[in-house]
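Undergrad: So I've got this file, work.txt, and it contains compact mmCIF, C-alpha atoms:
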```
# COMPACT_ATOMS: atom_id res chain seq x y z
CA MET A 25 26.01 3.80 23.35
CA ALA A 26 29.31 2.71 21.83
CA ASN A 27 32.07 5.25 21.28
CA THR A 28 34.05 5.33 18.04
CA THR A 29 36.83 3.22 19.55
CA ASP A 30 34.39 0.48 20.47
CA ILE A 31 33.19 0.20 16.90
CA GLY A 32 36.58 0.54 15.22
CA LEU A 33 36.00 4.00 13.81
CA GLU A 34 38.69 5.80 15.74
CA GLU A 35 40.32 6.80 12.47
CA LEU A 36 37.22 8.82 11.53
CA THR A 37 37.81 12.53 11.82
CA SER A 38 35.14 15.03 12.66
CA ASN A 39 35.67 16.32 9.15
CA ASP A 40 34.63 12.95 7.74
CA VAL A 41 31.51 12.90 9.87
CA ASN A 42 30.65 16.46 8.92
CA LYS A 43 30.95 15.56 5.24
CA ALA A 44 28.61 12.64 5.74
CA ARG A 45 26.17 14.90 7.54
CA ARG A 46 26.31 17.44 4.73
CA ALA A 47 25.57 14.68 2.25
CA ILE A 48 22.56 13.58 4.30
CA GLU A 49 21.32 17.17 4.53
CA TYR A 50 21.73 17.52 0.76
CA TYR A 51 19.22 14.71 0.27
CA PHE A 52 16.80 16.47 2.60
CA GLU A 53 17.21 19.68 0.60
CA LYS A 54 16.47 17.80 -2.61
CA GLY A 55 13.40 16.19 -1.10
CA TRP A 56 14.78 12.72 -1.77
CA THR A 57 13.74 11.22 1.56
CA ASP A 58 10.73 9.95 3.45
CA GLY A 59 11.46 12.51 6.14
CA LEU A 60 14.22 10.43 7.74
CA PRO A 61 17.95 10.55 6.97
CA VAL A 62 19.10 8.45 4.04
CA VAL A 63 22.43 6.80 3.28
CA PRO A 64 24.13 8.72 0.48
CA PRO A 65 24.15 6.27 -2.48
CA ILE A 66 27.67 6.62 -3.78
CA ALA A 67 28.48 4.50 -6.83
CA SER A 68 30.50 1.85 -5.00
CA PHE A 69 27.63 1.21 -2.58
CA VAL A 70 25.19 0.89 -5.47
CA ASP A 71 27.53 -1.54 -7.25
CA GLU A 72 27.50 -3.83 -4.21
CA PHE A 73 23.76 -4.20 -4.68
CA LEU A 74 23.87 -4.59 -8.44
CA ALA A 75 26.34 -7.45 -7.94
CA ARG A 76 23.59 -9.39 -6.16
CA THR A 77 21.47 -9.82 -9.29
CA LYS A 78 21.94 -11.15 -12.80
CA ARG A 79 19.49 -8.57 -14.11
CA SER A 80 20.72 -5.66 -16.18
CA PRO A 81 20.96 -2.37 -14.28
CA ASP A 82 18.90 -0.75 -17.04
CA GLU A 83 16.05 -3.28 -16.99
CA VAL A 84 12.73 -1.56 -16.30
CA ILE A 85 11.01 -3.40 -13.46
CA LEU A 86 8.23 -1.09 -12.27
CA THR A 87 6.19 1.47 -14.14
CA GLN A 88 3.53 4.09 -13.62
CA SER A 89 2.65 4.67 -17.24
CA HIS A 90 0.07 7.37 -16.50
CA LEU A 91 2.83 9.38 -14.78
CA HIS A 92 5.46 8.54 -17.42
CA ARG A 93 7.68 7.08 -14.72
CA ALA A 94 9.68 3.85 -14.71
CA CYS A 95 11.98 2.23 -12.17
CA THR A 96 15.04 0.30 -13.34
CA VAL A 97 17.16 -2.17 -11.42
CA ARG A 98 19.71 0.62 -10.90
CA HIS A 99 17.05 2.94 -9.48
CA ALA A 100 16.05 0.17 -7.11
CA ALA A 101 19.65 -0.33 -5.99
CA ILE A 102 20.13 3.39 -5.37
CA ASN A 103 17.04 3.57 -3.21
CA ALA A 104 17.94 0.34 -1.41
CA VAL A 105 21.23 1.95 -0.40
CA MET A 106 19.41 5.09 0.68
CA ALA A 107 16.94 3.07 2.76
CA GLY A 108 19.74 1.40 4.70
CA CYS A 109 19.40 -2.07 3.15
CA LEU A 110 22.24 -4.56 3.14
CA PRO A 111 23.27 -5.82 -0.31
CA GLU A 112 21.99 -9.31 0.51
CA TYR A 113 18.46 -7.90 0.81
CA PHE A 114 18.47 -6.83 -2.83
CA PRO A 115 16.98 -10.00 -4.41
CA THR A 116 14.12 -9.79 -1.90
CA LEU A 117 13.55 -6.14 -2.76
CA LEU A 118 13.55 -6.98 -6.47
CA ALA A 119 10.89 -9.65 -5.84
CA ALA A 120 8.86 -7.08 -3.90
CA ILE A 121 9.09 -4.77 -6.91
CA ASP A 122 8.13 -7.61 -9.28
CA ALA A 123 5.07 -8.34 -7.12
CA CYS A 124 4.21 -4.65 -7.12
CA GLU A 125 4.50 -4.51 -10.91
CA LYS A 126 2.13 -7.49 -11.15
CA ILE A 127 -0.51 -5.35 -9.44
CA ASP A 128 0.12 -2.67 -12.03
CA GLY A 129 2.37 -0.82 -9.63
CA GLY A 130 -0.71 -0.08 -7.55
CA ARG A 131 -1.58 2.29 -10.37
CA GLY A 132 -3.74 5.13 -9.13
CA MET A 133 -4.16 3.59 -5.70
CA MET A 134 -0.80 4.90 -4.52
CA GLN A 135 -2.29 8.35 -5.06
CA SER A 136 -5.65 7.68 -3.43
CA THR A 137 -7.12 9.88 -0.71
CA THR A 138 -7.49 6.62 1.26
CA GLY A 139 -3.72 6.66 1.64
CA GLN A 140 -2.84 3.13 0.62
CA ALA A 141 0.42 1.67 1.84
CA LEU A 142 2.25 -1.26 0.35
CA LEU A 143 2.24 -4.30 2.63
CA LEU A 144 4.93 -6.89 1.85
CA PHE A 145 5.17 -10.34 3.33
CA VAL A 146 7.90 -12.84 2.64
CA ASN A 147 7.88 -16.63 2.53
CA GLY A 148 10.55 -19.27 2.22
CA PRO A 149 14.19 -19.73 3.22
CA VAL A 150 15.22 -16.16 2.40
CA ARG A 151 13.45 -15.03 5.59
CA ASN A 152 16.09 -16.66 7.72
CA GLN A 153 18.97 -15.91 5.33
CA ILE A 154 18.41 -12.16 5.70
CA GLU A 155 17.13 -12.33 9.31
CA LEU A 156 13.72 -10.99 8.40
CA ASN A 157 11.56 -10.82 11.50
CA CYS A 158 8.58 -13.18 11.51
CA THR A 159 7.79 -13.20 15.23
CA ASN A 160 7.72 -10.48 17.87
CA ASN A 161 6.67 -6.98 16.88
CA ILE A 162 6.28 -7.69 13.17
CA PHE A 163 4.34 -4.47 12.59
CA GLY A 164 6.69 -2.51 14.80
CA SER A 165 10.21 -1.25 14.29
CA GLY A 166 13.60 -2.63 15.28
CA ASP A 167 14.56 -5.19 12.65
CA ARG A 168 16.76 -4.01 9.85
CA ALA A 169 15.54 -6.20 7.00
CA ASN A 170 11.88 -5.47 7.76
CA ALA A 171 12.48 -1.76 8.23
CA THR A 172 14.68 -1.15 5.23
CA ILE A 173 13.11 -3.37 2.54
CA GLY A 174 9.74 -1.74 3.16
CA ARG A 175 11.41 1.65 3.34
CA ALA A 176 13.20 1.05 0.04
CA MET A 177 9.82 0.47 -1.62
CA ARG A 178 8.58 3.71 -0.11
CA LEU A 179 11.63 5.65 -1.33
CA ILE A 180 11.13 4.20 -4.82
CA THR A 181 7.52 5.40 -4.72
CA LEU A 182 8.70 8.87 -3.73
CA ASN A 183 11.92 9.30 -5.65
CA VAL A 184 11.42 7.22 -8.78
CA LEU A 185 7.66 7.09 -9.30
CA ASP A 186 7.44 10.70 -8.09
CA ILE A 187 4.31 10.05 -6.02
CA ARG A 188 4.85 12.49 -3.17
CA PRO A 189 2.61 13.86 -0.43
CA HIS A 190 1.25 17.36 -1.08
CA ASP A 191 1.48 16.60 -4.78
CA LEU A 192 0.46 13.40 -6.58
CA ASP A 193 -0.09 11.48 -3.33
CA GLN A 194 -3.47 12.76 -2.22
CA SER A 195 -3.76 10.78 1.03
CA SER A 196 -6.06 12.45 3.52
CA HIS A 197 -4.40 10.72 6.48
CA GLY A 198 -2.24 7.91 5.11
CA THR A 199 -0.94 5.33 7.55
CA PRO A 200 2.33 4.79 9.44
CA ALA A 201 2.59 1.60 7.36
CA LYS A 202 3.77 3.83 4.53
CA TYR A 203 7.16 4.20 6.23
CA SER A 204 7.60 0.45 5.97
CA CYS A 205 5.34 -2.57 6.22
CA CYS A 206 7.29 -5.76 5.62
CA PHE A 207 7.28 -9.00 7.57
CA GLY A 208 7.82 -12.72 7.15
CA GLU A 209 5.30 -15.49 7.62
CA ASN A 210 6.05 -17.42 10.81
CA GLU A 211 6.15 -20.69 8.89
CA GLU A 212 7.90 -22.47 11.74
CA GLU A 213 5.00 -21.95 14.17
CA SER A 214 2.15 -22.13 11.69
CA PRO A 215 -0.08 -25.20 11.78
CA TRP A 216 -0.77 -24.84 8.07
CA GLN A 217 1.34 -24.88 4.94
CA PRO A 218 2.88 -21.51 4.09
CA TYR A 219 1.15 -18.91 1.95
CA HIS A 220 3.49 -19.34 -1.01
CA VAL A 221 2.83 -23.09 -1.12
CA ASP A 222 -0.90 -22.32 -1.20
CA LYS A 223 -0.11 -20.28 -4.29
CA GLY A 224 1.71 -23.13 -6.02
CA TYR A 225 5.32 -22.31 -5.19
CA ALA A 226 7.68 -25.00 -3.89
CA PRO A 227 8.33 -24.91 -0.14
CA GLU A 228 12.02 -24.27 -0.83
CA ALA A 229 11.21 -21.26 -3.03
CA SER A 230 11.21 -17.80 -1.51
CA THR A 231 8.57 -15.27 -2.43
CA VAL A 232 7.38 -11.78 -1.69
CA THR A 233 3.69 -10.91 -1.74
CA ALA A 234 2.57 -7.32 -2.18
CA HIS A 235 -0.83 -6.02 -1.14
CA LEU A 236 -2.11 -2.47 -0.95
CA ILE A 237 -3.64 -1.68 2.43
CA ARG A 238 -5.14 1.37 4.07
CA SER A 239 -4.95 0.24 7.70
CA ASP A 240 -3.74 -2.39 10.11
CA LEU A 241 -6.03 -3.17 13.01
CA HIS A 242 -4.99 -4.96 16.18
CA ILE A 243 -7.19 -7.83 17.38
CA GLU A 244 -7.30 -9.34 20.86
CA HIS A 245 -8.71 -12.64 22.02
CA ARG A 246 -6.78 -14.40 24.74
CA SER A 247 -9.47 -16.17 26.72
CA THR A 248 -11.02 -18.80 24.49
CA GLN A 249 -10.28 -22.23 23.06
CA THR A 250 -13.19 -21.99 20.62
CA PRO A 251 -12.25 -21.25 17.00
CA GLU A 252 -15.55 -19.54 16.27
CA HIS A 253 -14.96 -17.01 19.06
CA ILE A 254 -11.66 -15.99 17.52
CA LEU A 255 -13.01 -15.98 13.98
CA HIS A 256 -16.09 -13.95 14.86
CA THR A 257 -13.79 -11.43 16.55
CA ILE A 258 -11.64 -11.23 13.42
CA ALA A 259 -14.70 -10.98 11.15
CA ASP A 260 -16.15 -8.21 13.30
CA SER A 261 -12.82 -6.37 13.13
CA LEU A 262 -12.89 -6.62 9.35
CA SER A 263 -16.37 -5.11 9.42
CA TYR A 264 -15.93 -1.96 11.50
CA ALA A 265 -18.05 0.98 10.43
CA GLY A 266 -15.19 3.11 9.20
CA ALA A 267 -14.03 0.43 6.79
CA ILE A 268 -17.34 0.37 4.97
CA TYR A 269 -16.98 2.76 2.07
CA GLU A 270 -20.66 3.24 1.25
CA ALA A 271 -22.65 0.41 -0.23
CA PRO A 272 -22.46 -2.17 -2.99
CA PRO A 273 -20.90 -2.43 -5.49
CA TYR A 274 -17.95 -0.86 -3.66
CA ASN A 275 -17.85 -3.41 -0.88
CA THR A 276 -17.60 -6.34 -3.23
CA ILE A 277 -14.06 -5.30 -4.07
CA ASN A 278 -12.85 -5.24 -0.48
CA THR A 279 -9.85 -7.40 0.29
CA ALA A 280 -7.82 -8.10 3.41
CA VAL A 281 -4.67 -9.67 4.66
CA VAL A 282 -5.48 -11.50 7.88
CA ALA A 283 -2.18 -11.67 9.75
CA MET A 284 -3.08 -14.35 12.24
CA GLY A 285 -0.97 -14.85 15.34
CA PRO A 286 0.36 -18.39 15.85
CA GLU A 287 -1.61 -18.78 19.09
CA HIS A 288 -4.90 -18.10 17.31
CA ALA A 289 -3.90 -20.23 14.32
CA ASN A 290 -2.96 -23.22 16.45
CA ILE A 291 -6.17 -23.08 18.51
CA ILE A 292 -8.20 -22.96 15.30
CA ALA A 293 -6.22 -25.67 13.50
CA SER A 294 -6.28 -27.96 16.53
CA LYS A 295 -10.04 -28.23 16.10
CA GLY A 296 -9.61 -29.40 12.53
CA TRP A 297 -10.03 -26.14 10.63
CA SER A 298 -8.17 -25.77 7.32
CA LYS A 299 -7.06 -22.40 5.98
CA GLN A 300 -9.80 -22.58 3.35
CA ALA A 301 -12.40 -23.22 6.05
CA VAL A 302 -11.14 -20.17 7.93
CA ARG A 303 -11.36 -18.01 4.81
CA GLU A 304 -14.88 -19.25 4.09
CA PHE A 305 -16.02 -18.50 7.65
CA LEU A 306 -14.55 -15.02 7.50
CA TYR A 307 -16.15 -14.38 4.12
CA GLU A 308 -19.57 -15.42 5.44
CA ASN A 309 -19.27 -13.16 8.50
CA TRP A 310 -17.45 -10.14 7.05
CA GLY A 311 -20.19 -7.57 6.69
CA ARG A 312 -22.98 -5.80 8.58
CA LYS A 313 -26.73 -5.94 8.96
CA ILE A 314 -28.85 -3.35 7.20
CA SER A 315 -29.89 -2.01 10.61
CA ASP A 316 -26.23 -1.17 11.31
CA LEU A 317 -25.74 0.39 7.89
CA LYS A 318 -28.80 2.56 8.46
CA ARG A 319 -27.36 3.71 11.78
CA PHE A 320 -24.14 4.68 10.01
CA GLY A 321 -25.95 6.33 7.11
CA LYS A 322 -24.19 3.94 4.72
CA VAL A 323 -27.14 2.33 3.08
CA ILE A 324 -27.20 3.81 -0.42
CA GLU A 325 -29.15 1.59 -2.86
CA LEU A 326 -30.06 -0.80 -0.05
CA GLU A 327 -32.93 1.11 1.52
CA ASP A 328 -35.49 -1.57 0.59
CA GLN A 329 -33.70 -4.42 2.34
CA PRO A 330 -35.07 -5.71 5.69
CA ASP A 331 -33.20 -4.56 8.79
CA ASP A 332 -31.84 -8.02 9.58
CA ALA A 333 -30.49 -8.65 6.06
CA PHE A 334 -26.73 -9.22 6.17
CA ILE A 335 -24.67 -7.40 3.55
CA LYS A 336 -21.37 -9.13 2.89
CA ASN A 337 -18.36 -6.90 2.48
CA SER A 338 -16.25 -9.01 0.16
CA GLU A 339 -16.67 -10.97 -3.02
CA SER A 340 -15.46 -14.44 -2.05
CA PRO A 341 -13.17 -16.33 0.36
CA ASP A 342 -10.38 -15.50 -2.08
CA SER A 343 -10.73 -11.85 -1.04
CA ILE A 344 -8.99 -12.87 2.18
CA SER A 345 -5.27 -13.67 2.27
CA LEU A 346 -4.42 -15.64 5.39
CA VAL A 347 -0.86 -15.55 6.68
CA VAL A 348 0.41 -16.70 10.08
CA THR A 349 2.85 -14.29 11.62
CA GLY A 350 3.93 -12.69 14.86
CA ALA A 351 4.95 -14.05 18.23
CA SER A 352 3.39 -17.08 19.80
CA ASN A 353 3.05 -15.31 23.14
CA ALA A 354 -0.54 -14.00 23.16
CA GLY A 355 -3.88 -14.33 21.45
CA VAL A 356 -3.27 -11.49 19.02
CA SER A 357 -3.89 -11.09 15.30
CA THR A 358 -4.06 -8.14 12.89
CA VAL A 359 -6.26 -7.40 9.91
CA CYS A 360 -5.02 -5.20 7.07
CA LEU A 361 -7.83 -3.90 4.91
CA SER A 362 -8.05 -2.57 1.42
CA PHE A 363 -10.89 -1.64 -0.88
CA VAL A 364 -9.09 -2.79 -4.00
CA ASN A 365 -8.17 -6.26 -5.15
CA ARG A 366 -4.48 -5.65 -5.66
CA ILE A 367 -2.37 -8.53 -4.40
CA ALA A 368 0.38 -10.47 -6.16
CA THR A 369 3.30 -12.76 -5.38
CA ALA A 370 6.72 -12.96 -7.03
CA GLN A 371 9.64 -15.31 -6.50
CA VAL A 372 12.99 -14.22 -5.10
CA GLU A 373 15.69 -15.03 -7.63
CA GLU A 374 18.48 -17.38 -6.59
CA PRO A 375 21.90 -15.79 -6.05
CA MET B 11 -7.16 15.27 -14.76
CA ALA B 12 -5.23 12.36 -16.24
CA ASP B 13 -8.29 11.38 -18.28
CA GLY B 14 -8.87 14.95 -19.45
CA THR B 15 -5.34 15.37 -20.73
CA ILE B 16 -5.44 11.95 -22.39
CA PHE B 17 -8.64 12.94 -24.22
CA GLU B 18 -6.92 16.17 -25.20
CA HIS B 19 -3.96 14.23 -26.56
CA GLU B 20 -6.35 12.11 -28.62
CA GLY B 21 -7.96 15.23 -30.06
CA LEU B 22 -11.20 14.83 -28.12
CA GLN B 23 -12.57 17.87 -26.40
CA ALA B 24 -12.92 17.39 -22.67
CA VAL B 25 -13.12 19.46 -19.52
CA ALA B 26 -11.72 18.25 -16.25
CA ILE B 27 -13.62 19.31 -13.14
CA VAL B 28 -11.55 19.38 -9.99
CA THR B 29 -12.65 20.06 -6.43
CA SER B 30 -10.75 22.68 -4.53
CA PRO B 31 -8.33 20.57 -2.42
CA PHE B 32 -6.91 18.91 -5.53
CA LEU B 33 -5.66 21.91 -7.48
CA LYS B 34 -1.98 21.23 -6.89
CA THR B 35 -2.38 17.58 -7.83
CA ALA B 36 -4.34 18.59 -10.92
CA ASP B 37 -1.60 20.99 -12.01
CA SER B 38 1.06 18.34 -11.43
CA MET B 39 -0.84 15.74 -13.40
CA ALA B 40 -1.46 18.12 -16.31
CA ARG B 41 2.19 19.17 -16.35
CA ARG B 42 3.36 15.55 -16.41
CA ASN B 43 1.06 14.84 -19.33
CA GLY B 44 2.47 17.73 -21.32
CA TYR B 45 -0.17 20.40 -20.67
CA PRO B 46 1.36 22.83 -18.16
CA GLU B 47 -1.27 25.49 -18.91
CA TYR B 48 -4.23 23.11 -18.99
CA ARG B 49 -7.44 24.88 -18.04
CA TYR B 50 -9.99 23.11 -15.93
CA ALA B 51 -13.10 23.93 -13.92
CA VAL B 52 -12.98 24.12 -10.13
CA MET B 53 -15.82 23.00 -7.91
CA PRO B 54 -16.05 23.60 -4.15
CA HIS B 55 -15.34 20.66 -1.86
CA PRO B 56 -16.80 18.31 -0.66
CA ILE B 57 -19.21 16.76 -3.13
CA GLY B 58 -19.34 13.15 -1.93
CA ASN B 59 -22.06 13.89 0.61
CA LEU B 60 -24.32 16.03 -1.60
CA ARG B 61 -27.89 15.10 -2.53
CA SER B 62 -28.69 14.90 -6.23
CA ASP B 63 -30.39 18.33 -6.24
CA GLN B 64 -27.35 19.87 -4.57
CA ILE B 65 -24.92 18.32 -7.01
CA ARG B 66 -27.10 19.58 -9.86
CA GLN B 67 -26.77 23.11 -8.46
CA ARG B 68 -23.01 22.70 -8.34
CA ALA B 69 -22.98 21.50 -11.92
CA GLU B 70 -25.15 24.36 -13.12
CA ALA B 71 -22.83 26.84 -11.46
CA LEU B 72 -19.96 25.50 -13.57
CA VAL B 73 -21.67 25.56 -16.97
CA ASP B 74 -20.20 28.95 -17.82
CA ASP B 75 -16.67 27.79 -17.03
CA VAL B 76 -17.06 24.52 -18.89
CA LEU B 77 -18.37 26.21 -22.05
CA SER B 78 -15.60 28.75 -21.88
CA ILE B 79 -12.91 26.09 -21.55
CA LEU B 80 -14.42 24.24 -24.49
CA GLY B 81 -14.18 27.47 -26.48
CA VAL B 82 -17.93 27.67 -27.03
CA THR B 83 -18.23 31.06 -25.31
CA GLU B 84 -16.10 33.85 -24.03
CA PRO B 85 -15.69 33.74 -20.25
CA GLY B 86 -18.74 35.18 -18.46
CA THR B 87 -21.02 35.20 -21.51
CA ALA B 88 -22.73 31.77 -21.27
CA LYS B 89 -26.46 31.79 -20.63
```
Do you think you could lay out the structure here as structure tokens?
TA:
Amino acid sequence: MANTTDIGLEELTSNDVNKARRAIEYYFEKGWTDGLPVVPPIASFVDEFLARTKRSPDEVILTQSHLHRACTVRHAAINAVMAGCLPEYFPTLLAAIDACEKIDGGRGMMQSTTGQALLLFVNGPVRNQIELNCTNNIFGSGDRANATIGRAMRLITLNVLDIRPHDLDQSSHGTPAKYSCCFGENEEESPWQPYHVDKGYAPEASTVTAHLIRSDLHIEHRSTQTPEHILHTIADSLSYAGAIYEAPPYNTINTAVVAMGPEHANIIASKGWSKQAVREFLYENWGRKISDLKRFGKVIELEDQPDDAFIKNSESPDSISLVVTGASNAGVSTVCLSFVNRIATAQVEEP
Amino acid sequence: MADGTIFEHEGLQAVAIVTSPFLKTADSMARRNGYPEYRYAVMPHPIGNLRSDQIRQRAEALVDDVLSILGVTEPGTAK
């Protein structure tokens, strides 16, 4: 632990620190936090962020019309300061907000009892420019850009959109991903072209993709060189009993982000599999047999089907977003599930 | 609750039915839509796992409240 001399703050008096603490406590008293301390957003801090965009501070960029709430660029900057962002993160945060607005701000789903969180993943050069983690521990904590960009989105949801737990956020359990869920694609170790290029963006463009999720599930497979072994393991993980809401038509709107570790991706690609082939395989195998659904008591409107009939849990291969991320140190992937088709990508504006 | 208050705003009579864990959310939603005193019917929770005959019983138990909120009857007088 550094002392104040080590970090050049010897001129700080205890009075200064106490004032800062009082300011932090004021934000707790107002309820303007996610339960963690926030950086007091004094005007000069906010201006540093607004200087990073050509957009007007008063431009409305995210709405929840049914709640009569709207987020402006200035609101975003205030909450970015509070979240602990650096000013250079601001264009990435604005793209995250643009992507969120494209999915109608997650309208309604941010208030669902299923407790949806906003997953953000980033592509393109901006990842390295802002030191966004794309490798080890991408779903964990410890990297400022990942932690604070996702947190800024959460603070906007709370403070600007006014969707708060115990009130308009009706989550039964929620997920720790609500604190922050933001990572970069590990484009450098992926055998395939990046996600944003799949979506028609230039490789040199930077993008943020937003997807509502209700869970992230860890997947192990370290002992095979056979793509189908890995893919069946991932498909089975997508299909766990608790993820099955009830019965069709609900399951046909399931979507998922498959965050595939580079080790898995490279084993699969080395045998000639394209990303589309992976998505098609997962689509075909994401689901359960009627016999399983009967065992779970989740067989409404399917009672007449034979026991070995396979009920798919998604609508098409496009229900699956495949992104390569994480460290190339183990056969690990993660699936992030949702029961709504709310995913969109937006480009990070140039400085 | 959002739908109920929107109908109200459009001049269409409606009654929102809310299960018991959602009362605070219902009040918040009504307040945000400009109806801080909005009356609604309350049903015990849960309902998602009820059979059709059970949900019918729940519905029948609320008829009095629903008619009262609609202004058809005085509270406690519906048959």
Undergrad: Contacts between chain A and chain B, please, where a residue of chain B counts if it comes within 12 Å (with all atoms listed in the file); show its shortest atom pair and distance in Å to one decimal, rows by chain and ascending number, as a tab-separated table.
TA:
```
residue	atom	partner	partner_atom	distance
B:Met11	CA	A:His90	CA	10.8
B:Ala12	CA	A:His90	CA	7.3
B:Asp13	CA	A:His90	CA	9.4
B:Thr15	CA	A:His90	CA	10.5
B:Ile16	CA	A:His90	CA	9.3
B:Pro31	CA	A:Gln194	CA	9.2
B:Phe32	CA	A:Gln194	CA	7.8
B:Leu33	CA	A:Asp191	CA	9.3
B:Lys34	CA	A:Asp191	CA	6.2
B:Thr35	CA	A:Asp191	CA	5.0
B:Ala36	CA	A:Leu192	CA	8.3
B:Asp37	CA	A:Asp191	CA	9.0
B:Ser38	CA	A:Asp191	CA	6.9
B:Met39	CA	A:Leu192	CA	7.3
B:Ala40	CA	A:Leu91	CA	9.9
B:Arg41	CA	A:Leu91	CA	9.9
B:Arg42	CA	A:Leu91	CA	6.4
B:Asn43	CA	A:Leu91	CA	7.3
B:Gly44	CA	A:His92	CA	10.4
B:Gly58	CA	A:Glu270	CA	10.5
B:Asn59	CA	A:Gly321	CA	10.7
B:Arg61	CA	A:Ile324	CA	11.5
```
Undergrad: Can you pull out every residue within 12 Å of region 308-318 of chain A, counting all atoms listed in the file, but drop anything in the same chain fewer than 3 positions away, and send it as a ChimeraX atom specification?
TA: /A:252,255-272,275-276,278-280,301-305,321-344,359,361
Undergrad: For the point (-11.2, -24.9, 20.6) in file coordinates, what residues are within 6 Å, counting all atoms listed in the file? Give the answer as a PyMOL selection string?
TA: chain A and resi 249-251+291+295
Undergrad: Between A:Phe320, A:Ala351, A:Trp56, A:Cys109, which residue has the minimum interatomic distance to Asn210 (chain A), considering only C-alpha atoms?
TA: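 Residue with the minimum atom-to-atom distance to Asn210 (chain A): A:Ala351.
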Undergrad: Between CA of Val372 (chain A) and CA of Val150 (chain A), what is the spacing in Å?
TA: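 If I compute the distance from CA of Val150 (chain A) to CA of Val372 (chain A), I get 8.1 Å.
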Undergrad: Just to confirm, what's the straight-line distance from CA of Arg246 (chain A) to CA of Gly355 (chain A) in Å (one decimal)?
TA: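 About the pair CA of Arg246 (chain A) and CA of Gly355 (chain A): they are 4.4 Å apart.
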Undergrad: Do a neighbour search on region 153-157 of chain A at 12 Å with only C-alpha atoms, toss out local chain neighbours closer than 4 positions, and write the hits as an MDAnalysis selection string.
TA: chainID A and resid 109:117 144:149 161:174 205:211 230 232 349:351 375
Undergrad: Just how far from CA of Leu118 (chain A) is CA of Gly285 (chain A), in Å to one decimal?
TA: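 A separation of 27.4 Å between them.
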Undergrad: Enclose region 14-22 of chain B, meaning all of its atoms listed in the file, in a box aligned along x, y and z, pad it by 8 Å on each side, and list the centre and edge lengths in Å to one decimal, as JSON.
TA:
```
{"center_x": -7.6, "center_y": 14.1, "center_z": -24.8, "size_x": 23.2, "size_y": 20.2, "size_z": 26.6}
```
Undergrad: Ranking A:Glu125, A:Glu49, A:Asp186, A:Glu287 by minimum distance to Ala370 (chain A) and counting only C-alpha atoms, which one comes first?
TA: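 Among A:Glu125, A:Glu49, A:Asp186, A:Glu287, it is A:Glu125 that comes nearest to Ala370 (chain A).
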Undergrad: Between B:Leu77, B:Tyr45, B:Thr29, B:Ala71, which is the closest to Ile57 (chain B) once you count all atoms listed in the file?
TA: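 Of all the options, B:Thr29 lies closest to Ile57 (chain B).
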Undergrad: Would you pick out the contacts of Leu74 (chain A) at 9 Å or less, using all atoms listed in the file, so that residues sharing its chain but fewer than 2 positions from it are not included, and give the list as number ranges by chain?
TA: A: 70-72, 76-81, 97-98, 101, 111, 114
Undergrad: Compile the contact shell of Val28 (chain B) as a ChimeraX atom specification: residues with an atom at most 7 Å away, counting only C-alpha atoms, same-chain residues fewer than 6 positions apart removed.
TA: /B:51-53
Undergrad: List as a list in words the protein and nucleic acid residues near Ser195 (chain A), meaning an atom at most 6 Å away when all atoms listed in the file are counted, but skip any in the same chain fewer than 6 places from it.
TA: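 Neighbouring residues, sequence-local ones excluded: Ser136, Thr137, Thr138 and Gly139 of chain A.
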Undergrad: If you keep C-alpha atoms, can you produce a file of those selected residues as a PDB file, keeping the file's coordinate frame?
TA:
```pdb
ATOM      1  CA  SER A 136      -5.650   7.680  -3.430  1.00  0.00           C
ATOM      2  CA  THR A 137      -7.120   9.880  -0.710  1.00  0.00           C
ATOM      3  CA  THR A 138      -7.490   6.620   1.260  1.00  0.00           C
ATOM      4  CA  GLY A 139      -3.720   6.660   1.640  1.00  0.00           C
TER       5      GLY A 139
END
```
Undergrad: Compare A:Tyr225, A:Tyr203, A:Tyr50, A:Phe363 by their minimum atom-to-atom distance to Leu182 (chain A), counting all atoms listed in the file, and give me the closest one.
TA: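 The shortest atom-to-atom distance to Leu182 (chain A) comes from A:Tyr203.
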Undergrad: Just checking: using only C-alpha atoms, which residue out of B:Val73, B:Leu80, B:Leu60, B:Ile65 ends up closest to Gln23 (chain B)?
TA: B:Leu80
